[in-house]
Amino acid sequence: MLEERHDFKAWIYLLPALILLIVFTFYPIVNTFMIVFMVDYDFLYGDYAGWTLTGNIEAVIGHRQFWPAIRNTIIIAFVSVPMSVIISLFIAVWLNSIKKLQGTFQTIFFLPYVTNAIAVGLAFAVIFNRDYGLFNYLLSLFGIDPINWVAPGAEWRFSMIALLVFITWNGLAFKIMVFLSGLQSIDKQYYDAARIDSASRSRVFRKITVPLLSPMIAFITITSFIGAFKEYTAIVGMFGEQMGHRGQLMTIVGLVYEALGEPYTAGSVSLAASAAIVLFFMTLLLTVFNMWVSKKRVHY
Amino acid sequence: METIEIRLQKLTKVFQAKNKEETVAVKDFDITIPAGKLVGLLGPSGCGKSTTLYMISGLLKPTEGRIFFGDTDVTDVAPEKRGIGLVFQNYALYPHMTVRQNIMFPLENIKMEKEKALERAYFYARLVGIDHLMNRKPVQLSGGQQQRVAIARALVKEPRVLLLDEPLSNLDARLRLQTREEIKRIQKETGITTIFVTHDQEEAMSISDEIVLMRDGVMQQKGGPQQVYDEPTNLFVAKFLGSPPINLFEGEIKDEKVIVGDAQFGRAEGRKDQEVIIGVRPEGFKIVERSSLKVKVDYVETIGRDTTLIIDKPSDPKYSKFDPEIAGPDQHENNNHVDEDVDVDEDMKRLQEEGSIEESAPEKKETFRAIVDADHRIQPGDEIKLSVKPHKMFLFDKETGELV
């Protein structure tokens with residue numbers, strides 16, 4: 001009896017959160033899966049013109065921008081995530097080793113995190129401006145001619161480089177914070193012991209710091225990959241809503257958004273749902289792979 | 001292995017807090033630790049013993065003074081160049097490495113040939129008796145095994161000096177006994193100059209060749225365990241060593257006689273009349289036919305080998321209570337592990353609660369302990385006469401705590 005009553009109370013407490021989760025998370029997920037199999041779904045009335053097994057999936061795969069979007073998403077994830085993880089790891093180790101001004105630098109490095117991605121994207125667009133951007137100025141010091149990075153007409157590879165620099169930079173702040181707190185929780189005695197055992201700095205880093213930080217590194221890597229697969233805001237911030245010259249920086253979420261942008265076109269919602277499902281399975285696959293790797297590589 | 005002596009000269013460490021407040025952790029420490037000996041640095045927590053150890057290791061920089069290894073001044077030498085092995089209090093084994101990797105780590109750092117390093121690692125693993133656990137991770141080991149891995153890791157570089165920081169404090173009572181014999185054996189076999197830090201007097205007494213007692217950063221006494229026990233130079237040392245602890249009485253010297261209340265404890269030839277604190281080791285009492293020290297036995301603790309009598313202290317209201325600060329903290333209060341004495345007290349409490357032992361008087365009575373031969377069949381309540389063995393009695397100045 002007692003337990004049942006407690007159960008009831010617990011459900012009452014959980015109810016507000018549960019209702020929100022059901023309405024805005026669980027139902028849409030289930031619904032998305034269903035829409036994939038509906039022909040010409042209309043979300044205003046919930047009407048649809050029958051069922052199809054693979055029609056919508058075929059439509060999204062056949063979409064003009066599907067394969068470029070997949071390619072862009074994968075490039076963004078597999079370049080920006082490793083880069084930002086490695087760079088932030090070094091910055092965190094360096095921050096952890098300095099004594100003076102540590103707090104100041106910590107604040108400086110964390111500031112980008114509280115800044116809006118669209119605003120920072122606009123700033124980066126200016127940095128990468130062809131005619132008066134800082135980046136081209138730096139290149140000109142080495143005698144390199146100005147490059148069109150972001151403006152209409154820019155080559156895909158240059159736009160992608162500029163985008164990767166921005167995304168990598170934008171991801172640093174949070175990672176540095178997590179790594180720094182991880183480093184600070186490592187028992188100093190390990191370093192004292194290593195010092196007495198005359199371990200070189202690089203060996204201390206490789207053999208002690210990285211393994212002891214491996215749970216944090218795994219966590220950051222997995223969540224960053226998930227985040228990178230969903231990349232959209234950074235591109236809009238830097239290149240505008242058309243996502244680069246002729247949409248050449250289209251990503252999967254971009255595809256979803258674009259399809260939802262014309263809800264009255266028959267089949268566009270089903271297309272968006274299909275793209276979302278493709279993204280879902282990509283993310284799932286990579287996360288399973290990441291977990292499998294970290295089980296082997298993460299210590300204790 | 002080359003053995004060297006360690007010499008500390010006026011070693012001082014002052015810690016400065018953020019608010020510029022200074023704490024003197026170690027003050028003018030002068031000592032020579034002979035080559036190839038096992039020396040115990042003993043003292044209550046906060047006495048500066050670990051600080052001293054870390055200064056010898058090089059992890060802490062002394063504020064003043066010099067450290068010599070043999071004839072070389074190593075004060076400004078980096079820890080890794082000093083040729084020391086250090087066993088940390090919580091061992092600091094790398095949790096992500098196996099036992100083998102842990103022991104190999106110092107050798108890999110100096111780029112020793114793989115084969116030679118492996119051979120060396122196994123040699124020391126065998127020496128400490130963990131060669132069958134080489135593939136385990138530290139979490140899969142018991143405290144005692146972890147401790148031995150830590151010793152093997154410290155020894156594998158064949159250092160000139162082995163430093164151990166409270167090496168036994170993380171072990172349970174039985175393992176502690178076993179491990180301290182192990183440490184003694186390993187030290188004997190390797191002949192390495194070893195310094196170990198402990199707050200446990202019994203531990204220090206049982207394995208050290210020499211004991212160095214510290215209090216508030218200042219060395220109190222140094223010598224062989226028996227010597228320090230038998231000839232304490234001050235009240236602190238007398239009180240810190242020995243289990244059960246020394247009994248303290250307030251009394252006076254009058255006409256070269258040592259008087260406590262109505263009883264005469266012994267003679268104090270050549271000492272002038274003064275109020276003193278009299279320390280008598282529990283084993284320093286004898287049951288005799290005739291004596292002025294007549295007492296009634298409160299409790300009897302039987303352990304078989306001998307018997308501990310707990311007896312009301314003879315007192316005299318004319319003496320004010322001496323300041324317990326002179327004696328410093330009671331070492332038994334500092335023990336963070338379960339002490340045998342505590343066990344006895346616990347049992348006593350339990351028995352009292354069960355009503356099998358008479359309630360003691362409501363106000364805490366001042367008692368003392370006498371350890372006597374088990375052949376005397378003494379019951380609680382018996383009246384006995386005691387005499388004091390002269391060499392087990394020490395007279396201390398009431399103000400300074402120094403030996404009179």
# chains A, B, ... in the order shown; residues from 1 in each chain; ligands from 1
>>> residues_around(residues="Ala193 (chain A)", least_positions_apart="6", cutoff="10 Å", atoms="only C-alpha atoms", output="list in words")
Ala199 of chain A; Leu59, Pro79, Glu80, Gly85, Leu86, Val87, Phe88, Tyr91, Ala92, Leu93, Tyr94, Pro106, Arg153 and Ala154 of chain B
>>> closest_atom_pairs(of="chain A", to="chain B", cutoff="8 Å", atoms="only C-alpha atoms", output="CSV")
residue,atom,partner,partner_atom,distance
A:Gln189,CA,B:Ala92,CA,5.9
A:Tyr190,CA,B:Ala92,CA,5.5
A:Asp192,CA,B:Leu59,CA,7.1
A:Ala193,CA,B:Ala92,CA,6.9
A:Ala194,CA,B:Pro106,CA,7.8
A:Arg195,CA,B:Glu80,CA,6.1
A:Ile196,CA,B:Glu80,CA,4.5
A:Asp197,CA,B:Pro106,CA,4.8
A:Ser198,CA,B:Glu80,CA,4.8
A:Ala199,CA,B:Asn109,CA,5.0
A:Ser200,CA,B:Asn109,CA,7.0
A:Arg203,CA,B:Asn109,CA,7.8
A:Ile208,CA,B:Tyr94,CA,7.5
A:Pro211,CA,B:His96,CA,6.8
A:Leu212,CA,B:His96,CA,7.2
A:His299,CA,B:His96,CA,5.4
A:Tyr300,CA,B:His96,CA,6.6
>>> residues_around(residues="region 115-124 of chain A", least_positions_apart="4", cutoff="8 Å", atoms="only C-alpha atoms", output="PyMOL selection string")
chain A and resi 111+128+166+170+233-239
>>> write_last_selection(atoms="N, CA, C and O atoms", output="tab-separated table (two decimals), in the first residue's frame")
chain	number	residue	atom	x	y	z
A	111	LEU	N	33.92	32.91	-23.37
A	111	LEU	CA	33.02	33.94	-23.92
A	111	LEU	C	32.29	33.52	-25.19
A	111	LEU	O	31.09	33.77	-25.32
A	128	PHE	N	36.19	36.78	-43.33
A	128	PHE	CA	36.50	36.08	-44.57
A	128	PHE	C	36.05	36.86	-45.83
A	128	PHE	O	36.00	36.30	-46.91
A	166	PHE	N	35.27	28.30	-38.86
A	166	PHE	CA	34.27	28.90	-37.97
A	166	PHE	C	33.69	27.86	-37.01
A	166	PHE	O	33.63	28.07	-35.79
A	170	ASN	N	34.04	27.79	-33.05
A	170	ASN	CA	32.82	27.96	-32.27
A	170	ASN	C	32.63	26.83	-31.25
A	170	ASN	O	31.99	27.00	-30.22
A	233	THR	N	22.81	26.20	-38.14
A	233	THR	CA	22.90	27.60	-37.74
A	233	THR	C	24.19	28.26	-38.20
A	233	THR	O	24.17	29.40	-38.67
A	234	ALA	N	25.31	27.57	-38.04
A	234	ALA	CA	26.59	28.18	-38.38
A	234	ALA	C	26.60	28.59	-39.85
A	234	ALA	O	27.09	29.67	-40.19
A	235	ILE	N	26.03	27.73	-40.69
A	235	ILE	CA	26.05	28.00	-42.13
A	235	ILE	C	25.15	29.18	-42.45
A	235	ILE	O	25.52	30.09	-43.21
A	236	VAL	N	23.96	29.20	-41.82
A	236	VAL	CA	23.04	30.31	-42.04
A	236	VAL	C	23.68	31.61	-41.55
A	236	VAL	O	23.62	32.65	-42.21
A	237	GLY	N	24.33	31.54	-40.38
A	237	GLY	CA	24.96	32.73	-39.80
A	237	GLY	C	26.02	33.30	-40.71
A	237	GLY	O	26.15	34.51	-40.89
A	238	MET	N	26.79	32.42	-41.33
A	238	MET	CA	27.93	32.88	-42.10
A	238	MET	C	27.58	33.11	-43.58
A	238	MET	O	28.11	34.03	-44.20
A	239	PHE	N	26.71	32.27	-44.12
A	239	PHE	CA	26.47	32.32	-45.57
A	239	PHE	C	25.06	32.75	-45.94
A	239	PHE	O	24.74	32.86	-47.11
>>> residues_around(residues="Phe280 (chain A)", least_positions_apart="6", cutoff="12 Å", atoms="only C-alpha atoms", output="PyMOL selection string")
chain A and resi 29+32-33+226+229-230+252-253+273-274+286-287
>>> residues_around(residues="region 15-26 of chain B", least_positions_apart="2", cutoff="9 Å", atoms="only C-alpha atoms", output="number ranges by chain")
B: 11-13, 28-29, 46-49, 51-52, 63, 216-219
>>> select_by_dssp(residues="region 47-203 of chain A", states="helix (DSSP H, G or I)", output="VMD selection string")
chain A and resid 55 to 61 66 to 97 102 to 114 117 to 127 134 to 141 156 to 184 188 to 196 201 to 203
>>> closest_residue(among="A:Gly143, A:Gly240, A:Gly227, A:Pro152", to="Leu279 (chain A)", atoms="only C-alpha atoms")
A:Gly227
>>> residues_around(residues="region 41-44 of chain A", least_positions_apart="4", cutoff="7 Å", atoms="only C-alpha atoms", output="ChimeraX atom specification")
/A:35,48,267,269-270
>>> write_last_selection(atoms="all heavy atoms", output="compact mmCIF listing (two decimals), in the first residue's frame")
# COMPACT_ATOMS: atom_id res chain seq x y z
N ILE A 35 5.04 9.62 -40.89
CA ILE A 35 4.91 10.48 -42.08
C ILE A 35 5.77 9.96 -43.23
O ILE A 35 5.43 10.09 -44.40
CB ILE A 35 5.27 11.95 -41.73
CG1 ILE A 35 4.23 12.52 -40.76
CG2 ILE A 35 5.37 12.81 -42.98
CD1 ILE A 35 4.64 13.84 -40.14
N TYR A 48 -3.60 12.67 -45.77
CA TYR A 48 -2.58 12.07 -46.62
C TYR A 48 -3.25 11.19 -47.66
O TYR A 48 -4.37 10.74 -47.49
CB TYR A 48 -1.55 11.29 -45.80
CG TYR A 48 -2.15 10.22 -44.90
CD1 TYR A 48 -2.20 8.90 -45.33
CD2 TYR A 48 -2.67 10.55 -43.65
CE1 TYR A 48 -2.74 7.92 -44.52
CE2 TYR A 48 -3.22 9.58 -42.84
CZ TYR A 48 -3.26 8.27 -43.27
OH TYR A 48 -3.80 7.33 -42.48
N GLY A 267 3.83 16.77 -50.70
CA GLY A 267 4.92 15.83 -50.46
C GLY A 267 6.14 16.42 -49.78
O GLY A 267 7.06 15.70 -49.42
N VAL A 269 6.46 17.82 -46.79
CA VAL A 269 6.56 17.44 -45.38
C VAL A 269 7.06 16.00 -45.28
O VAL A 269 7.91 15.66 -44.45
CB VAL A 269 5.22 17.61 -44.65
CG1 VAL A 269 5.30 17.05 -43.23
CG2 VAL A 269 4.81 19.07 -44.62
N SER A 270 6.56 15.15 -46.15
CA SER A 270 7.02 13.77 -46.16
C SER A 270 8.50 13.70 -46.52
O SER A 270 9.26 12.90 -45.98
CB SER A 270 6.22 12.96 -47.18
OG SER A 270 4.86 12.99 -46.83
>>> residues_around(residues="Asp262 (chain B)", least_positions_apart="3", cutoff="8 Å", atoms="only C-alpha atoms", output="ChimeraX atom specification")
/B:259,292-293,314,316
>>> write_last_selection(atoms="N, CA and C atoms", output="compact mmCIF listing (two decimals), in the first residue's frame")
# COMPACT_ATOMS: atom_id res chain seq x y z
N ILE B 259 56.80 12.33 45.55
CA ILE B 259 55.56 12.18 46.31
C ILE B 259 54.36 12.45 45.41
N SER B 292 53.69 2.45 50.33
CA SER B 292 52.77 3.54 50.70
C SER B 292 51.73 3.78 49.62
N LEU B 293 51.91 3.16 48.43
CA LEU B 293 50.96 3.34 47.34
C LEU B 293 49.91 2.25 47.42
N PRO B 314 45.80 8.29 42.61
CA PRO B 314 45.95 8.98 43.90
C PRO B 314 46.12 10.46 43.59
N ASP B 316 45.88 14.71 45.05
CA ASP B 316 45.93 15.62 46.18
C ASP B 316 45.35 16.93 45.72
>>> atom_distance(atom1="CA of Lys286 (chain B)", atom2="CA of Asp382 (chain B)")
15.1 Å
